[in-house]
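Peer 1: Got my_file05.csv for you, CSV, C-alpha atoms:
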```
chain,number,residue,atom,x,y,z
Y,25,MET,CA,-45.2,-108.7,-14.1
Y,26,LYS,CA,-48.0,-107.5,-11.8
Y,27,SER,CA,-46.9,-106.0,-8.5
Y,28,LEU,CA,-47.8,-107.6,-5.2
Y,29,SER,CA,-49.8,-104.5,-4.4
Y,30,THR,CA,-52.2,-105.1,-7.3
Y,31,LEU,CA,-52.7,-108.7,-6.2
Y,32,PHE,CA,-53.4,-107.5,-2.7
Y,33,LEU,CA,-55.9,-105.0,-4.1
Y,34,PHE,CA,-57.6,-107.7,-6.0
Y,35,LEU,CA,-57.9,-109.9,-2.9
Y,36,THR,CA,-59.1,-107.1,-0.6
Y,37,SER,CA,-61.7,-106.0,-3.2
Y,38,ILE,CA,-63.1,-109.5,-3.2
Y,39,TYR,CA,-63.1,-109.5,0.6
Y,40,PHE,CA,-65.0,-106.3,0.8
Y,41,SER,CA,-67.5,-107.2,-1.9
Y,42,HIS,CA,-68.5,-110.2,0.0
Y,43,SER,CA,-68.3,-108.8,3.5
Y,44,GLN,CA,-70.3,-105.7,2.9
Y,45,SER,CA,-73.9,-106.4,3.8
Y,46,THR,CA,-75.4,-103.2,2.5
Y,47,PRO,CA,-74.2,-101.7,-0.8
Y,48,TYR,CA,-73.2,-98.1,-0.8
Y,49,THR,CA,-75.1,-95.5,-2.8
Y,50,LEU,CA,-73.9,-92.1,-4.1
Y,51,SER,CA,-75.6,-90.4,-1.1
Y,52,ASP,CA,-72.9,-92.1,1.1
Y,53,PHE,CA,-70.1,-90.0,-0.4
Y,54,TYR,CA,-70.6,-87.2,2.1
Y,55,GLY,CA,-71.4,-89.5,5.0
Y,56,ASN,CA,-69.3,-90.5,8.0
Y,57,SER,CA,-69.1,-94.2,7.6
Y,58,THR,CA,-66.1,-95.8,9.3
Y,59,GLU,CA,-66.4,-98.9,7.2
Y,60,LEU,CA,-66.4,-96.8,4.0
Y,61,GLU,CA,-63.4,-94.9,5.1
Y,62,GLN,CA,-61.5,-98.1,6.0
Y,63,LYS,CA,-62.3,-99.6,2.6
Y,64,VAL,CA,-60.9,-96.6,0.8
Y,65,VAL,CA,-57.7,-96.6,2.9
Y,66,THR,CA,-57.2,-100.3,2.3
Y,67,ILE,CA,-57.6,-99.9,-1.4
Y,68,TYR,CA,-55.3,-96.8,-1.4
Y,69,ASN,CA,-52.6,-98.6,0.6
Y,70,ALA,CA,-52.6,-101.5,-1.9
Y,71,LEU,CA,-51.7,-99.3,-4.8
Y,72,SER,CA,-48.3,-98.2,-5.9
Y,73,GLU,CA,-47.5,-94.5,-6.2
Y,74,GLU,CA,-48.0,-94.6,-10.0
Y,75,GLU,CA,-51.3,-96.5,-9.7
Y,76,ARG,CA,-52.5,-93.9,-7.2
Y,77,ILE,CA,-51.7,-90.9,-9.4
Y,78,ALA,CA,-53.2,-92.7,-12.4
Y,79,GLN,CA,-56.6,-92.6,-10.6
Y,80,MET,CA,-56.6,-88.8,-11.3
Y,81,ILE,CA,-56.2,-89.2,-15.1
Y,82,ILE,CA,-59.2,-89.3,-17.4
Y,83,THR,CA,-58.4,-90.0,-21.0
Y,84,SER,CA,-60.8,-89.8,-24.0
Y,85,ALA,CA,-62.4,-92.3,-26.3
Y,86,GLY,CA,-64.9,-92.4,-29.2
Y,87,GLU,CA,-64.7,-90.9,-32.6
Y,88,LEU,CA,-63.3,-87.6,-31.4
Y,89,GLY,CA,-61.1,-89.1,-28.7
Y,90,LYS,CA,-57.9,-91.2,-28.7
Y,91,PRO,CA,-57.8,-94.3,-30.8
Y,92,GLU,CA,-59.3,-97.4,-29.2
Y,93,ALA,CA,-56.0,-99.2,-29.3
Y,94,VAL,CA,-54.2,-96.3,-27.5
Y,95,VAL,CA,-56.8,-96.2,-24.8
Y,96,ASN,CA,-56.7,-100.0,-24.3
Y,97,GLU,CA,-52.9,-99.8,-24.0
Y,98,LEU,CA,-53.1,-97.0,-21.4
Y,99,ALA,CA,-55.5,-99.2,-19.4
Y,100,LYS,CA,-53.2,-102.2,-19.6
Y,101,LYS,CA,-50.4,-100.0,-18.3
Y,102,GLY,CA,-52.6,-98.8,-15.4
Y,103,ALA,CA,-52.0,-95.2,-16.6
Y,104,ILE,CA,-55.6,-94.0,-16.3
Y,105,GLY,CA,-58.4,-93.9,-13.7
Y,106,GLY,CA,-61.2,-93.3,-16.2
Y,107,VAL,CA,-62.4,-92.5,-19.7
Y,108,VAL,CA,-64.7,-89.9,-21.1
Y,109,PHE,CA,-66.6,-91.1,-24.1
Y,110,LEU,CA,-67.0,-88.6,-26.9
Y,111,LYS,CA,-69.0,-89.0,-30.1
Y,112,GLY,CA,-69.9,-92.6,-31.1
Y,113,THR,CA,-72.6,-95.2,-31.5
Y,114,LYS,CA,-74.3,-96.9,-28.6
Y,115,ALA,CA,-72.8,-100.3,-29.8
Y,116,ASN,CA,-69.3,-99.0,-30.1
Y,117,HIS,CA,-69.3,-97.3,-26.7
Y,118,THR,CA,-70.7,-100.5,-25.1
Y,119,GLN,CA,-68.2,-102.7,-26.8
Y,120,HIS,CA,-65.3,-100.5,-25.8
Y,121,ILE,CA,-66.4,-100.3,-22.2
Y,122,GLN,CA,-66.7,-104.1,-22.0
Y,123,THR,CA,-63.2,-104.4,-23.4
Y,124,LEU,CA,-61.8,-102.0,-20.8
Y,125,ASN,CA,-63.6,-103.8,-18.0
Y,126,LYS,CA,-61.9,-107.0,-19.0
Y,127,ILE,CA,-58.5,-105.3,-19.1
Y,128,ALA,CA,-59.0,-103.9,-15.6
Y,129,LYS,CA,-60.1,-107.2,-14.3
Y,130,ALA,CA,-57.2,-109.0,-15.9
Y,131,ASN,CA,-54.8,-106.5,-14.5
Y,132,ALA,CA,-56.5,-106.6,-11.0
Y,133,THR,CA,-56.4,-102.8,-11.1
Y,134,PRO,CA,-59.3,-100.5,-9.8
Y,135,ALA,CA,-62.3,-100.3,-12.1
Y,136,LEU,CA,-62.3,-97.4,-14.5
Y,137,LEU,CA,-64.7,-94.5,-14.1
Y,138,TYR,CA,-66.6,-93.9,-17.4
Y,139,SER,CA,-68.0,-90.4,-18.1
Y,140,MET,CA,-69.7,-88.5,-20.8
Y,141,ASP,CA,-70.9,-84.9,-21.6
Y,142,ALA,CA,-74.5,-86.1,-21.6
Y,143,GLU,CA,-76.2,-82.8,-21.3
Y,144,PRO,CA,-79.7,-82.7,-22.9
Y,145,SER,CA,-78.4,-80.6,-25.8
Y,146,LEU,CA,-75.4,-82.9,-26.4
Y,147,LEU,CA,-76.8,-86.4,-25.7
Y,148,SER,CA,-77.7,-87.3,-29.3
Y,149,SER,CA,-74.3,-86.3,-30.5
Y,150,ARG,CA,-72.5,-88.2,-27.8
Y,151,ILE,CA,-74.6,-91.4,-28.3
Y,152,LYS,CA,-75.7,-91.8,-31.9
Y,153,GLY,CA,-79.1,-93.5,-31.8
Y,154,ALA,CA,-80.0,-92.2,-28.3
Y,155,LYS,CA,-83.4,-90.9,-27.7
Y,156,ASP,CA,-83.6,-87.1,-28.5
Y,157,VAL,CA,-84.5,-85.2,-25.3
Y,158,GLY,CA,-84.3,-81.8,-26.9
Y,159,LYS,CA,-82.2,-78.8,-25.9
Y,160,THR,CA,-81.5,-77.8,-22.4
Y,161,VAL,CA,-82.8,-74.2,-23.0
Y,162,ASN,CA,-86.2,-75.7,-23.8
Y,163,ILE,CA,-86.6,-77.4,-20.4
Y,164,LYS,CA,-88.9,-75.1,-18.4
Y,165,THR,CA,-90.3,-77.2,-15.5
Y,166,GLU,CA,-89.1,-79.6,-12.9
Y,167,ALA,CA,-91.4,-82.3,-14.2
Y,168,GLN,CA,-90.0,-81.9,-17.7
Y,169,SER,CA,-86.5,-82.0,-16.3
Y,170,ASP,CA,-87.2,-85.2,-14.5
Y,171,GLN,CA,-88.4,-87.0,-17.6
Y,172,VAL,CA,-85.3,-85.9,-19.4
Y,173,VAL,CA,-83.0,-87.1,-16.6
Y,174,VAL,CA,-84.7,-90.5,-16.5
Y,175,THR,CA,-84.0,-90.9,-20.2
Y,176,ILE,CA,-80.4,-89.8,-20.0
Y,177,ASN,CA,-79.7,-92.0,-17.0
Y,178,GLU,CA,-81.2,-95.0,-18.9
Y,179,GLU,CA,-79.0,-94.3,-21.9
Y,180,LEU,CA,-75.8,-94.0,-19.8
Y,181,LYS,CA,-76.5,-97.1,-17.8
Y,182,ALA,CA,-77.2,-99.1,-20.9
Y,183,ILE,CA,-73.6,-98.5,-22.1
Y,184,GLY,CA,-72.0,-98.6,-18.7
Y,185,VAL,CA,-71.3,-94.9,-18.0
Y,186,HIS,CA,-71.3,-93.8,-14.4
Y,187,HIS,CA,-70.5,-90.0,-14.5
Y,188,ASN,CA,-72.3,-87.3,-16.4
Y,189,TYR,CA,-70.6,-84.0,-17.0
Y,190,ALA,CA,-73.9,-82.1,-16.7
Y,191,PRO,CA,-75.7,-79.9,-16.0
Y,192,VAL,CA,-74.5,-76.5,-17.3
Y,193,LEU,CA,-75.1,-73.9,-14.6
Y,194,ASP,CA,-74.1,-70.9,-16.8
Y,195,VAL,CA,-76.6,-68.2,-17.1
Y,196,SER,CA,-76.8,-67.5,-20.9
Y,197,THR,CA,-78.2,-68.4,-24.2
Y,198,SER,CA,-76.0,-66.2,-26.3
Y,199,ASN,CA,-72.5,-67.1,-25.2
Y,200,GLU,CA,-70.5,-68.6,-28.1
Y,201,ALA,CA,-69.6,-71.8,-26.2
Y,202,ILE,CA,-72.8,-72.3,-24.3
Y,203,LYS,CA,-75.8,-71.3,-26.4
Y,204,SER,CA,-78.7,-73.7,-26.0
Y,205,ARG,CA,-76.8,-75.8,-23.4
Y,206,SER,CA,-77.9,-73.3,-20.8
Y,207,TYR,CA,-81.3,-73.3,-19.0
Y,208,GLY,CA,-81.6,-69.6,-20.0
Y,209,SER,CA,-81.0,-66.1,-18.8
Y,210,ASP,CA,-83.1,-66.2,-15.7
Y,211,LYS,CA,-80.6,-66.8,-12.9
Y,212,GLU,CA,-83.1,-68.3,-10.4
Y,213,GLN,CA,-84.7,-70.6,-12.9
Y,214,VAL,CA,-81.2,-71.8,-14.0
Y,215,ILE,CA,-80.2,-72.6,-10.4
Y,216,ALA,CA,-83.5,-74.4,-9.7
Y,217,LEU,CA,-83.6,-76.5,-12.9
Y,218,ALA,CA,-79.9,-77.4,-12.7
Y,219,ASN,CA,-80.3,-78.4,-9.0
Y,220,ARG,CA,-83.2,-80.5,-9.9
Y,221,PHE,CA,-81.2,-82.2,-12.7
Y,222,ILE,CA,-78.4,-82.9,-10.3
Y,223,GLN,CA,-80.7,-84.4,-7.6
Y,224,LYS,CA,-82.6,-86.6,-10.1
Y,225,THR,CA,-79.4,-87.7,-11.8
Y,226,GLN,CA,-77.7,-88.7,-8.5
Y,227,ASP,CA,-80.8,-90.3,-7.0
Y,228,GLY,CA,-80.8,-92.5,-10.1
Y,229,GLY,CA,-77.2,-93.7,-9.5
Y,230,ILE,CA,-75.4,-91.4,-12.0
Y,231,ILE,CA,-72.8,-88.9,-10.7
Y,232,ALA,CA,-73.7,-85.3,-11.8
Y,233,THR,CA,-71.3,-82.4,-12.5
Y,234,ALA,CA,-72.1,-78.7,-12.2
Y,235,LYS,CA,-70.2,-76.6,-14.8
Y,236,HIS,CA,-68.4,-74.4,-15.8
Y,237,PHE,CA,-67.1,-72.9,-12.6
Y,238,PRO,CA,-66.7,-70.0,-11.8
Y,239,GLY,CA,-69.1,-69.1,-14.6
Y,240,HIS,CA,-69.0,-69.2,-18.4
Y,241,GLY,CA,-72.3,-67.6,-19.2
Y,242,LEU,CA,-71.5,-63.9,-19.0
Y,243,VAL,CA,-68.2,-63.9,-20.8
Y,244,SER,CA,-67.3,-63.3,-24.4
Y,245,GLY,CA,-65.8,-66.0,-26.6
Y,246,ASP,CA,-65.1,-69.7,-26.5
Y,247,THR,CA,-62.2,-71.3,-24.6
Y,248,HIS,CA,-61.9,-73.9,-27.3
Y,249,LYS,CA,-60.6,-71.1,-29.6
Y,250,GLN,CA,-59.0,-68.5,-27.4
Y,251,SER,CA,-58.3,-67.2,-23.9
Y,252,VAL,CA,-61.6,-66.0,-22.4
Y,253,TYR,CA,-61.8,-63.5,-19.6
Y,254,ILE,CA,-64.1,-62.6,-16.7
Y,255,ASP,CA,-63.3,-58.9,-16.5
Y,256,GLY,CA,-64.2,-57.7,-12.9
Y,257,PRO,CA,-66.5,-59.4,-10.5
Y,258,LEU,CA,-67.4,-63.1,-10.6
Y,259,GLN,CA,-71.1,-62.7,-11.4
Y,260,GLU,CA,-72.0,-66.4,-11.5
Y,261,VAL,CA,-70.2,-67.9,-8.5
Y,262,ALA,CA,-73.2,-67.5,-6.1
Y,263,ASN,CA,-75.1,-69.9,-8.4
Y,264,TYR,CA,-73.1,-72.7,-7.0
Y,265,GLU,CA,-74.0,-72.1,-3.3
Y,266,LYS,CA,-77.2,-74.1,-3.2
Y,267,ILE,CA,-75.9,-76.7,-5.6
Y,268,ILE,CA,-73.0,-77.4,-3.2
Y,269,ALA,CA,-75.2,-77.3,-0.1
Y,270,ASP,CA,-77.6,-79.8,-1.7
Y,271,GLY,CA,-74.8,-82.4,-2.4
Y,272,VAL,CA,-73.6,-82.2,-6.0
Y,273,LEU,CA,-70.8,-84.7,-6.3
Y,274,SER,CA,-68.5,-83.0,-8.8
Y,275,ILE,CA,-67.8,-79.6,-10.2
Y,276,MET,CA,-65.9,-78.8,-13.4
Y,277,VAL,CA,-63.7,-75.8,-13.5
Y,278,ALA,CA,-63.4,-73.8,-16.8
Y,279,HIS,CA,-60.4,-72.4,-18.6
Y,280,ILE,CA,-61.5,-68.9,-18.0
Y,281,THR,CA,-58.9,-66.2,-17.0
Y,282,ILE,CA,-60.0,-63.6,-14.4
Y,283,LYS,CA,-58.7,-60.1,-14.5
Y,284,ASN,CA,-59.4,-56.7,-12.8
Y,285,ASN,CA,-60.5,-58.5,-9.7
Y,286,GLU,CA,-58.6,-57.7,-6.5
Y,287,SER,CA,-59.5,-61.0,-4.7
Y,288,TYR,CA,-59.6,-63.5,-7.6
Y,289,ASP,CA,-57.3,-62.2,-10.4
Y,290,THR,CA,-55.6,-65.3,-11.8
Y,291,ASN,CA,-52.5,-63.5,-13.1
Y,292,GLY,CA,-53.0,-64.7,-16.7
Y,293,LEU,CA,-53.7,-68.3,-15.8
Y,294,PRO,CA,-57.0,-70.0,-16.6
Y,295,ALA,CA,-59.2,-70.7,-13.6
Y,296,SER,CA,-58.6,-74.4,-13.9
Y,297,CYS,CA,-54.9,-73.9,-13.2
Y,298,SER,CA,-55.3,-71.2,-10.5
Y,299,ARG,CA,-55.1,-72.3,-6.9
Y,300,LYS,CA,-56.8,-69.1,-6.0
Y,301,ILE,CA,-59.9,-70.3,-7.7
Y,302,VAL,CA,-59.9,-74.0,-7.3
Y,303,THR,CA,-58.6,-74.4,-3.7
Y,304,ASP,CA,-59.0,-71.0,-2.1
Y,305,LEU,CA,-62.4,-70.1,-3.5
Y,306,LEU,CA,-64.2,-73.3,-4.4
Y,307,LYS,CA,-62.8,-75.7,-1.8
Y,308,GLU,CA,-62.2,-73.5,1.1
Y,309,GLU,CA,-64.4,-70.4,0.9
Y,310,MET,CA,-67.4,-72.2,-0.6
Y,311,GLY,CA,-66.8,-75.5,1.3
Y,312,PHE,CA,-67.0,-77.9,-1.6
Y,313,LYS,CA,-65.8,-81.3,-0.5
Y,314,GLY,CA,-66.6,-83.3,-3.7
Y,315,ILE,CA,-64.6,-84.0,-6.8
Y,316,VAL,CA,-63.2,-81.1,-8.7
Y,317,ILE,CA,-62.5,-81.9,-12.4
Y,318,SER,CA,-60.7,-79.7,-14.9
Y,319,ASP,CA,-62.2,-78.9,-18.2
Y,320,ALA,CA,-60.6,-80.7,-21.1
Y,321,LEU,CA,-56.8,-80.1,-21.3
Y,322,ASN,CA,-56.1,-81.4,-24.8
Y,323,ILE,CA,-57.4,-78.9,-27.3
Y,324,MET,CA,-58.5,-75.8,-25.3
Y,325,LYS,CA,-56.5,-72.8,-26.6
Y,326,ALA,CA,-56.4,-71.3,-23.1
Y,327,VAL,CA,-54.4,-74.2,-21.7
Y,328,THR,CA,-52.5,-75.7,-24.6
Y,329,ILE,CA,-50.4,-72.5,-24.7
Y,330,LEU,CA,-49.2,-73.3,-21.2
Y,331,ASP,CA,-46.2,-75.5,-20.2
Y,332,ASN,CA,-47.5,-78.6,-18.4
Y,333,ALA,CA,-51.1,-77.4,-17.8
Y,334,PRO,CA,-52.2,-80.8,-16.3
Y,335,LEU,CA,-49.7,-80.4,-13.5
Y,336,LEU,CA,-50.8,-76.8,-13.0
Y,337,ALA,CA,-54.4,-78.0,-12.8
Y,338,SER,CA,-53.5,-80.6,-10.2
Y,339,LYS,CA,-51.5,-78.2,-8.1
Y,340,ALA,CA,-54.4,-75.7,-8.3
Y,341,GLY,CA,-56.5,-78.4,-6.6
Y,342,CYS,CA,-58.3,-80.3,-9.4
Y,343,ASP,CA,-58.8,-83.9,-8.3
Y,344,LEU,CA,-59.5,-85.3,-11.8
Y,345,ILE,CA,-57.3,-84.2,-14.7
Y,346,LEU,CA,-59.5,-84.4,-17.9
Y,347,MET,CA,-57.9,-85.4,-21.2
Y,348,PRO,CA,-54.3,-84.4,-20.8
Y,349,GLN,CA,-52.4,-84.6,-24.1
Y,350,ASP,CA,-50.0,-87.2,-22.6
Y,351,GLU,CA,-51.3,-89.3,-19.7
Y,352,GLU,CA,-48.0,-91.0,-18.8
Y,353,LYS,CA,-46.1,-87.7,-18.9
Y,354,THR,CA,-48.7,-86.2,-16.6
Y,355,ILE,CA,-48.3,-89.0,-14.1
Y,356,LEU,CA,-44.5,-88.6,-14.2
Y,357,ALA,CA,-44.8,-84.8,-13.7
Y,358,ILE,CA,-47.1,-85.2,-10.7
Y,359,GLN,CA,-44.9,-87.9,-9.3
Y,360,ASN,CA,-41.7,-85.7,-9.5
Y,361,GLU,CA,-43.5,-82.8,-7.9
Y,362,VAL,CA,-44.8,-85.0,-5.1
Y,363,LYS,CA,-41.2,-85.9,-4.2
Y,364,LYS,CA,-40.3,-82.2,-3.9
Y,365,ASP,CA,-43.3,-80.8,-2.1
Y,366,PRO,CA,-44.8,-82.5,1.0
Y,367,GLU,CA,-47.9,-80.3,1.0
Y,368,TYR,CA,-48.6,-81.2,-2.6
Y,369,LYS,CA,-48.0,-84.9,-1.7
Y,370,ALA,CA,-50.7,-84.7,1.0
Y,371,GLN,CA,-53.1,-82.9,-1.5
Y,372,VAL,CA,-52.6,-85.7,-4.1
Y,373,GLU,CA,-53.3,-88.3,-1.5
Y,374,ALA,CA,-56.5,-86.5,-0.5
Y,375,SER,CA,-57.5,-86.3,-4.2
Y,376,VAL,CA,-56.9,-90.0,-4.9
Y,377,LYS,CA,-58.8,-91.1,-1.8
Y,378,LYS,CA,-61.8,-88.9,-2.8
Y,379,ILE,CA,-61.7,-90.6,-6.2
Y,380,LEU,CA,-61.5,-94.0,-4.8
Y,381,ARG,CA,-64.4,-93.1,-2.4
Y,382,LEU,CA,-66.5,-92.0,-5.4
Y,383,LYS,CA,-65.8,-95.3,-7.1
Y,384,VAL,CA,-66.8,-97.3,-4.0
Y,385,VAL,CA,-70.1,-95.5,-3.5
Y,386,ALA,CA,-70.8,-95.7,-7.3
Y,387,GLY,CA,-70.5,-99.5,-6.9
Y,388,LEU,CA,-67.3,-99.9,-8.9
Y,389,LEU,CA,-65.0,-101.1,-6.1
```
Take the structure I supplied and represent it as structure tokens, if you would.
Peer 2:
Amino acid sequence: MKSLSTLFLFLTSIYFSHSQSTPYTLSDFYGNSTELEQKVVTIYNALSEEERIAQMIITSAGELGKPEAVVNELAKKGAIGGVVFLKGTKANHTQHIQTLNKIAKANATPALLYSMDAEPSLLSSRIKGAKDVGKTVNIKTEAQSDQVVVTINEELKAIGVHHNYAPVLDVSTSNEAIKSRSYGSDKEQVIALANRFIQKTQDGGIIATAKHFPGHGLVSGDTHKQSVYIDGPLQEVANYEKIIADGVLSIMVAHITIKNNESYDTNGLPASCSRKIVTDLLKEEMGFKGIVISDALNIMKAVTILDNAPLLASKAGCDLILMPQDEEKTILAIQNEVKKDPEYKAQVEASVKKILRLKVVAGLL
């Protein structure tokens, strides 16, 4: 039986959708709208604790994700806030998103946030049949980048995806995990082209994501296969300064361990699970106020060897928890920790409100 809170959410959502004279845009996320703030608070207050925490959970779908029936059941239970779509056809992605939208509507729960790794180099593998836009490394001018972004945005909107986990800000073409996904080895050109990609993406109504913080270009190895280290100084962190200043909405934190660094040594933890990196460095020192998302937590060797990596990522300061192995277990772990730690409880509240705010300005709520 649906709770009164979800019914209230449904009714208040209808009220706001009819009372709001001017639709929000992504550019409103960092604004100071009292009306927007009140809408977020109203939606937040209408949710149960489990429903709030579920907003932080992003599960996976598509050929390399969880089975469609499993994802649908998670949506029916209200145990997820969004879905990242991996490899699949345009038709299958579209059909599944339509099904999930019907489930959310029937449950009167907040709309799901749909995302994809739609980097230029990965687009055709994520959406079979999508127009080939070439490799990221072959993009050399802003005009060329703009044409690529227009195509990617069109492909994402056609299937109903709101959030692109792109662009890569890593400075490299030789790293095992990055390769042609980088804009190259010229730091200034990487920053300029990545920033242009972000601005054009978000101007077009799709949320962009700079990755892989604090920098995956100048390391050895692939976090899918092993623990990867930054040994010494963080050589790529400064790449994010202009990106943050110019309004990127989300940043993905990598599973990179940092050692031999007096200020930012992660003591054996991947950066995604280190409060020193996510909260102290990215949020506080660098002033990032947007959405922090962890890299995938289901198969990466650097995190699957940890006990309860999703909880660690959340406690580190990640707002969105990407692809935990067990979504419901993750919600329970966060819920139990919230009961014991008032500071963490306040942090989770802030994360959930940011996610709801993102959904509102993206036109989902």
Peer 1: Using all atoms listed in the file, which residues of segment 52-118 of chain Y come within 7 Å of segment 179-191 of chain Y, and what is the closest atom pair for each, with the distance in Å to one decimal? Give it as CSV, sorted by chain and residue number.
Peer 2:
```
residue,atom,partner,partner_atom,distance
Y:Lys114,CA,Y:Ile183,CA,6.7
Y:His117,CA,Y:Ile183,CA,6.4
Y:Thr118,CA,Y:Ile183,CA,4.6
```
Peer 1: Please measure the separation of atom CA of Ile104 of chain Y and atom CA of Gln79 of chain Y, giving the value in Å to one decimal.
Peer 2: 6.0 Å
Peer 1: Rounded to one decimal in Å, what is the spacing between atom CA of Pro144 of chain Y and atom CA of Met276 of chain Y?
Peer 2: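 The value is 17.2 Å.
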Peer 1: Measuring atom to atom with all atoms listed in the file, identify which of Y:Asp304, Y:Asp170, Y:Glu87, Y:Glu73 is nearest to Tyr288 of chain Y.
Peer 2: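 Looking only at the distances to Tyr288 of chain Y, the closest residue turns out to be Y:Asp304.
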Peer 1: Using all atoms listed in the file, which residue out of Y:Ala340, Y:Ser149, Y:Gly387, Y:Gln259 lies closest to Tyr368 of chain Y?
Peer 2: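 Ranking Y:Ala340, Y:Ser149, Y:Gly387, Y:Gln259 by distance to Tyr368 of chain Y, first place goes to Y:Ala340.
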Peer 1: Quick one: residues within 12 Å of (-50.9, -98.7, -21.2) (file frame), counting all atoms listed in the file, please, as a list in words.
Peer 2: Glu75, Ala78, Thr83, Glu92, Ala93, Val94, Val95, Asn96, Glu97, Leu98, Ala99, Lys100, Lys101, Gly102, Ala103, Ile104, Gly105, Leu124, Ile127, Ala128, Asn131, Asp350, Glu351 and Glu352 of chain Y
Peer 1: Calculate how many Å separate atom CA of Gly106 of chain Y from atom CA of Val385 of chain Y, rounding to one decimal.
Peer 2: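 Value for the atom CA of Gly106 of chain Y-atom CA of Val385 of chain Y distance: 15.7 Å.
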Peer 1: Env of Tyr253 of chain Y: 6 Å cut, atoms = all atoms listed in the file, seq-sep filter 6 positions within chain, self excluded. Answer as a ChimeraX atom specification.
Peer 2: /Y:280-282
Peer 1: Could you give me, as an MDAnalysis selection string, the residues within 7 Å of Asp194 of chain Y, counting only C-alpha atoms and dropping anything in the same chain fewer than 4 positions from it?
Peer 2: chainID Y and resid 206 236 239:241
Peer 1: Rank nothing, just name the residue among Y:Gly112, Y:Gly208, Y:Pro366, Y:Gly229 nearest to Leu382 of chain Y, using all atoms listed in the file.
Peer 2: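 Selected residue with least distance to Leu382 of chain Y: Y:Gly229.
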Peer 1: For a quick check of understanding, using all atoms listed in the file, which of Y:Asn285, Y:Thr354, Y:Gln349, Y:Ser274 has the smallest distance to Phe53 of chain Y?
Peer 2: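 Closest to Phe53 of chain Y, using all atoms listed in the file: Y:Ser274.
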Peer 1: Of the candidates Y:Leu136, Y:Ile355, Y:Asp141, Y:Lys203, which shows the shortest atom-to-atom distance to Thr123 of chain Y, using only C-alpha atoms?
Peer 2: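 Looking at the shortest contact to Thr123 of chain Y, the residue is Y:Leu136.
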Peer 1: Nearest to Ala234 of chain Y among Y:Asp289, Y:Glu309, Y:Glu166, Y:Glu143, with distances taken over only C-alpha atoms: which residue is it?
Peer 2: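 Nearest to Ala234 of chain Y: Y:Glu143.
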Peer 1: Residues within 8 Å of Asn177 of chain Y, please, as a list in words. Count all atoms listed in the file; anything in the same chain fewer than 4 positions from it doesn't count.
Peer 2: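 In the requested format, the answer is Val173, Lys181, Thr225, Gly228 and Ile230 of chain Y.
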Peer 1: So that I can see what lies close to Leu110 of chain Y, please list as a list in words the residues with an atom at most 7 Å from it, counting only C-alpha atoms and leaving out residues fewer than 2 positions away in the same chain.
Peer 2: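 That gives Ser84, Ala85, Gly86, Glu87, Leu88, Gly89, Val108, Gly112, Met140 and Arg150 of chain Y.
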Peer 1: Write out as an mmCIF file with C-alpha atoms, keeping the file's coordinate frame which residues come within 12 Å of Thr303 of chain Y when counting all atoms listed in the file, dropping same-chain ones fewer than 5 positions away.
Peer 2:
```cif
data_model
loop_
_atom_site.group_PDB
_atom_site.id
_atom_site.type_symbol
_atom_site.label_atom_id
_atom_site.label_comp_id
_atom_site.auth_asym_id
_atom_site.auth_seq_id
_atom_site.Cartn_x
_atom_site.Cartn_y
_atom_site.Cartn_z
ATOM 1 C CA VAL Y 277 -63.700 -75.800 -13.500
ATOM 2 C CA TYR Y 288 -59.600 -63.500 -7.600
ATOM 3 C CA ALA Y 295 -59.200 -70.700 -13.600
ATOM 4 C CA SER Y 296 -58.600 -74.400 -13.900
ATOM 5 C CA CYS Y 297 -54.900 -73.900 -13.200
ATOM 6 C CA SER Y 298 -55.300 -71.200 -10.500
ATOM 7 C CA GLU Y 308 -62.200 -73.500 1.100
ATOM 8 C CA GLU Y 309 -64.400 -70.400 0.900
ATOM 9 C CA MET Y 310 -67.400 -72.200 -0.600
ATOM 10 C CA GLY Y 311 -66.800 -75.500 1.300
ATOM 11 C CA PHE Y 312 -67.000 -77.900 -1.600
ATOM 12 C CA LYS Y 313 -65.800 -81.300 -0.500
ATOM 13 C CA GLY Y 314 -66.600 -83.300 -3.700
ATOM 14 C CA ILE Y 315 -64.600 -84.000 -6.800
ATOM 15 C CA VAL Y 316 -63.200 -81.100 -8.700
ATOM 16 C CA ALA Y 337 -54.400 -78.000 -12.800
ATOM 17 C CA SER Y 338 -53.500 -80.600 -10.200
ATOM 18 C CA LYS Y 339 -51.500 -78.200 -8.100
ATOM 19 C CA ALA Y 340 -54.400 -75.700 -8.300
ATOM 20 C CA GLY Y 341 -56.500 -78.400 -6.600
ATOM 21 C CA CYS Y 342 -58.300 -80.300 -9.400
ATOM 22 C CA ASP Y 343 -58.800 -83.900 -8.300
ATOM 23 C CA GLN Y 371 -53.100 -82.900 -1.500
ATOM 24 C CA SER Y 375 -57.500 -86.300 -4.200
#
```
